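File shown: run-v6.txt. Contents: compact mmCIF, C-alpha atoms.
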# COMPACT_ATOMS: atom_id res chain seq x y z
CA MET A 1 -188.82 167.92 -4.35
CA PRO A 2 -185.60 167.76 -6.44
CA GLU A 3 -187.57 169.20 -9.39
CA LYS A 4 -188.53 172.29 -7.32
CA GLU A 5 -184.91 172.71 -6.18
CA ALA A 6 -183.72 172.54 -9.79
CA ILE A 7 -186.26 175.20 -10.81
CA LEU A 8 -185.24 177.42 -7.89
CA THR A 9 -181.55 176.95 -8.70
CA THR A 10 -182.16 177.77 -12.37
CA THR A 11 -184.20 180.87 -11.44
CA ALA A 12 -181.54 182.04 -8.96
CA THR A 13 -178.80 181.50 -11.54
CA LYS A 14 -180.69 183.54 -14.14
CA GLU A 15 -181.30 186.36 -11.64
CA LEU A 16 -177.61 186.36 -10.69
CA GLU A 17 -176.62 186.49 -14.37
CA GLN A 18 -178.96 189.47 -14.91
CA VAL A 19 -177.53 191.33 -11.89
CA THR A 20 -173.98 190.57 -13.02
CA ALA A 21 -174.74 191.65 -16.60
CA SER A 22 -176.32 194.92 -15.47
CA THR A 23 -173.37 195.62 -13.15
CA VAL A 24 -170.88 194.98 -15.95
CA THR A 25 -172.79 197.15 -18.44
CA THR A 26 -173.51 200.14 -16.21
CA GLY A 27 -171.25 202.97 -15.12
CA LYS A 28 -168.76 205.17 -16.94
CA PHE A 29 -167.49 204.11 -20.36
CA LEU A 30 -165.04 205.66 -22.81
CA SER A 31 -166.53 205.67 -26.29
CA PHE A 32 -164.44 205.66 -29.45
CA TYR A 33 -164.77 205.23 -33.18
CA LEU A 34 -163.71 202.46 -35.50
CA GLY A 35 -164.85 203.75 -38.86
CA LYS A 36 -168.31 205.25 -38.43
CA GLU A 37 -169.26 202.86 -35.66
CA GLU A 38 -169.01 203.72 -31.96
CA PHE A 39 -167.74 201.31 -29.35
CA ALA A 40 -167.18 201.74 -25.62
CA ILE A 41 -165.06 200.20 -22.86
CA ARG A 42 -165.24 200.64 -19.09
CA ILE A 43 -163.37 203.78 -18.07
CA SER A 44 -161.84 201.85 -15.14
CA SER A 45 -159.73 199.89 -17.67
CA VAL A 46 -158.35 203.05 -19.29
CA ARG A 47 -155.03 204.41 -18.02
CA GLU A 48 -154.42 207.17 -20.57
CA ILE A 49 -154.96 208.29 -24.13
CA ILE A 50 -151.96 209.24 -26.22
CA GLY A 51 -151.60 210.47 -29.77
CA PHE A 52 -150.97 207.95 -32.50
CA GLN A 53 -147.28 207.27 -33.01
CA ASP A 54 -145.07 204.80 -34.78
CA VAL A 55 -144.55 201.47 -33.08
CA THR A 56 -141.79 198.90 -33.45
CA PRO A 57 -143.07 195.82 -35.33
CA VAL A 58 -142.50 192.43 -33.73
CA PRO A 59 -141.91 189.53 -36.15
CA GLN A 60 -144.17 186.49 -36.17
CA THR A 61 -147.06 188.04 -34.26
CA PRO A 62 -150.73 187.97 -35.28
CA PRO A 63 -151.69 190.63 -37.86
CA TYR A 64 -153.71 192.65 -35.31
CA ILE A 65 -150.62 193.21 -33.14
CA ARG A 66 -148.98 196.33 -34.59
CA GLY A 67 -145.89 195.95 -32.43
CA VAL A 68 -144.56 197.49 -29.23
CA LEU A 69 -144.12 201.00 -27.91
CA ASN A 70 -141.75 202.39 -25.29
CA LEU A 71 -144.07 204.31 -22.98
CA ARG A 72 -141.99 206.15 -20.39
CA GLY A 73 -139.51 203.30 -20.07
CA ARG A 74 -142.04 200.47 -20.20
CA VAL A 75 -142.50 198.41 -23.36
CA ILE A 76 -146.17 197.75 -24.07
CA PRO A 77 -147.82 195.80 -26.89
CA ILE A 78 -150.00 197.78 -29.32
CA VAL A 79 -153.08 196.18 -30.85
CA ASP A 80 -154.81 197.49 -33.97
CA LEU A 81 -158.43 197.29 -32.82
CA ARG A 82 -159.73 197.69 -36.40
CA CYS A 83 -157.85 194.56 -37.43
CA LYS A 84 -158.77 192.68 -34.24
CA CYS A 85 -162.46 193.40 -34.89
CA GLY A 86 -162.22 192.28 -38.52
CA LEU A 87 -162.49 195.76 -40.07
CA PRO A 88 -160.43 196.78 -43.10
CA SER A 89 -157.13 198.60 -42.56
CA ILE A 90 -157.00 202.32 -43.24
CA GLU A 91 -154.45 205.09 -43.24
CA TYR A 92 -154.87 206.61 -39.79
CA GLY A 93 -155.95 210.23 -39.69
CA ALA A 94 -155.29 213.11 -37.30
CA GLN A 95 -157.91 211.86 -34.81
CA ALA A 96 -156.34 208.40 -34.44
CA CYS A 97 -154.95 207.66 -31.00
CA ILE A 98 -153.78 204.92 -28.69
CA ILE A 99 -155.87 204.09 -25.66
CA VAL A 100 -153.60 202.60 -23.01
CA VAL A 101 -155.59 200.06 -21.02
CA ARG A 102 -154.83 197.74 -18.15
CA ILE A 103 -155.83 194.16 -18.93
CA GLU A 104 -156.55 192.00 -15.92
CA THR A 105 -154.89 188.62 -16.26
CA LYS A 106 -154.04 186.06 -13.61
CA GLY A 107 -154.67 188.57 -10.84
CA ALA A 108 -152.28 191.15 -12.27
CA GLY A 109 -152.80 194.14 -14.51
CA VAL A 110 -150.89 194.25 -17.80
CA PRO A 111 -150.69 197.53 -19.76
CA MET A 112 -151.53 197.36 -23.45
CA GLY A 113 -152.31 199.96 -26.09
CA VAL A 114 -155.17 199.81 -28.58
CA VAL A 115 -155.22 201.94 -31.73
CA VAL A 116 -158.61 203.50 -32.52
CA ASP A 117 -159.78 205.94 -35.20
CA GLY A 118 -160.74 208.54 -32.60
CA VAL A 119 -162.08 209.01 -29.08
CA SER A 120 -165.62 210.30 -28.69
CA GLU A 121 -166.56 210.91 -25.06
CA VAL A 122 -166.96 209.51 -21.57
CA VAL A 123 -170.55 208.45 -21.05
CA ASN A 124 -172.49 207.29 -18.01
CA ILE A 125 -174.49 204.22 -19.01
CA HIS A 126 -177.50 203.05 -17.00
CA ALA A 127 -179.01 199.55 -17.05
CA ASN A 128 -182.11 200.75 -18.91
CA ASP A 129 -179.85 202.08 -21.73
CA VAL A 130 -178.43 198.62 -22.47
CA GLU A 131 -179.75 195.66 -24.43
CA GLY A 132 -178.08 192.31 -24.81
CA MET A 133 -176.33 191.48 -28.05
CA PRO A 134 -178.72 190.28 -30.75
CA ASP A 135 -178.38 186.65 -31.78
CA PHE A 136 -176.50 186.67 -35.08
CA GLY A 137 -176.32 182.90 -35.22
CA GLY A 138 -173.03 181.14 -34.71
CA GLU A 139 -170.84 181.46 -31.66
CA PRO A 140 -171.46 184.41 -29.33
CA HIS A 141 -168.38 186.48 -28.53
CA SER A 142 -167.66 186.83 -24.81
CA TYR A 143 -166.13 190.27 -25.37
CA LEU A 144 -169.44 191.75 -26.59
CA LEU A 145 -171.26 192.97 -23.47
CA GLY A 146 -174.28 194.52 -25.14
CA VAL A 147 -175.54 197.55 -27.01
CA ALA A 148 -176.13 200.92 -25.35
CA LYS A 149 -178.73 203.26 -26.82
CA LEU A 150 -177.74 206.85 -26.06
CA LYS A 151 -178.85 210.11 -27.66
CA GLY A 152 -180.39 208.29 -30.60
CA LYS A 153 -177.16 206.40 -31.32
CA VAL A 154 -175.94 202.89 -30.65
CA LYS A 155 -172.64 202.07 -28.94
CA VAL A 156 -171.34 198.49 -28.82
CA LEU A 157 -170.01 197.75 -25.33
CA LEU A 158 -166.79 195.74 -25.28
CA ASP A 159 -165.12 193.80 -22.48
CA ILE A 160 -161.53 194.77 -23.20
CA ASP A 161 -160.16 192.02 -20.91
CA GLN A 162 -161.94 189.38 -23.02
CA LEU A 163 -161.17 191.04 -26.36
CA LEU A 164 -157.45 191.20 -25.59
CA SER A 165 -156.99 187.81 -23.99
CA THR A 166 -153.86 186.62 -22.27
CA ASN A 167 -153.02 184.58 -25.39
CA GLU A 168 -152.09 187.80 -27.21
CA ILE A 169 -149.93 188.91 -24.29
CA ALA A 170 -148.20 185.52 -24.17
CA ALA A 171 -147.66 185.68 -27.95
CA LEU A 172 -145.53 188.77 -27.48
CA ASN A 173 -143.66 187.30 -24.53
CA LEU A 174 -143.82 190.71 -22.80
CA GLU A 175 -145.88 189.84 -19.76
CA GLY A 176 -144.24 191.12 -16.63
CA LYS A 177 -141.52 193.09 -18.46

Represent the structure from my file as structure tokens, please.
Amino acid sequence: MPEKEAILTTTATKELEQVTASTVTTGKFLSFYLGKEEFAIRISSVREIIGFQDVTPVPQTPPYIRGVLNLRGRVIPIVDLRCKCGLPSIEYGAQACIIVVRIETKGAGVPMGVVVDGVSEVVNIHANDVEGMPDFGGEPHSYLLGVAKLKGKVKVLLDIDQLLSTNEIAALNLEGK
């Protein structure tokens, strides 16, 4: 009998994981470019999109943290998403912008800006449009939700809360300010 219970528990866990994964990877997403590649994050995390502007560097922070920006009286950290994703640095063009997101951490939302090469569109993604991340060997990244196939193109779906963990926020010592 315990063997049957273990099989049922394993099956139920897998079904719950599939439902959770499809819920996380369906709905409205904001797609953007980093180089020629398209990525997307849940639109519910996005607060606004502003033009690229100079930020104030903060000493002794990781290389992907460009600095901070005063956004209507609130200082928010700015992350260079190219650098965070391991892409080479470039001179930002006219399409570059900052996506202001709200990162959920410890039950509270923390605003943070991410620099991208350009914003593409808001897309509605359905479960049948999404495949899991291929196995590249090595450690899987929890911030990679899957790959959406839309209009003959591929968009990598990112979990912005996982990508910009609370460690980065703590590193800037700006949480709650």

Subject >> CA of Val110 in chain A to CA of Leu81 in chain A, distance in Å rounded to a single decimal >> reply: 17.1 Å

Original post:
For the atom pair CA of Arg66 in chain A and CA of Lys106 in chain A, what is the interatomic distance in Å to one decimal place?
Top reply: 23.9 Å

Original post:
In Å, how far is it from CA of Pro111 in chain A to CA of Cys85 in chain A?
Top reply: 19.6 Å

Subject >> Residue nearest Cys83 in chain A - candidates A:Val115, A:Ile160, A:Val101, A:Leu30, atoms counted: all atoms listed in the file >> reply: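 Under the stated criterion, the closest residue is A:Val115.
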
Subject >> Radius query 10 Å about (-175.5, 197.7, -21.6), atoms used: only C-alpha atoms, as a list in words >> reply: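 Within the cut-off we find Ala21, Ser22, Thr23, Val24, Thr25, Thr26, Gly27, Ile125, His126, Ala127, Asn128, Asp129, Val130, Glu131, Gly132, Met133, Leu144, Leu145, Gly146, Val147, Ala148, Lys149, Lys155, Val156, Leu157 and Leu158 of chain A.
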
Original post:
With only C-alpha atoms as the atoms that count, which of A:Ala40, A:Leu71, A:Ile78, A:Val116 lies nearest to Pro57 in chain A?
Top reply: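 Selected residue with least distance to Pro57 in chain A: A:Ile78.
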
Original post:
If we count all atoms listed in the file, what is near Ser45 in chain A at a cut-off of 10 Å, once residues fewer than 4 positions away on the same chain are taken out, given as a PyMOL selection string?
Top reply: chain A and resi 29-30+41+99-104+109+111+159-161

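Counting all atoms listed in the file, the residue from A:Val55, A:Val122, A:Val114, A:Ala96 that sits nearest to Val68 in chain A is A:Val55.
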
**OP:** Skip Asn70 in chain A itself and residues of its chain fewer than 5 positions away, then list as a PyMOL selection string all residues within 12 Å of it, counting only C-alpha atoms.
**Re:** chain A and resi 53-56+75-78+111-113+177

Subject >> Option closest in space to Thr105 in chain A, from A:Ser89, A:Gln162, A:Ser44, A:Ser31 [counting only C-alpha atoms] >> reply: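 Looking at the shortest contact to Thr105 in chain A, the residue is A:Gln162.
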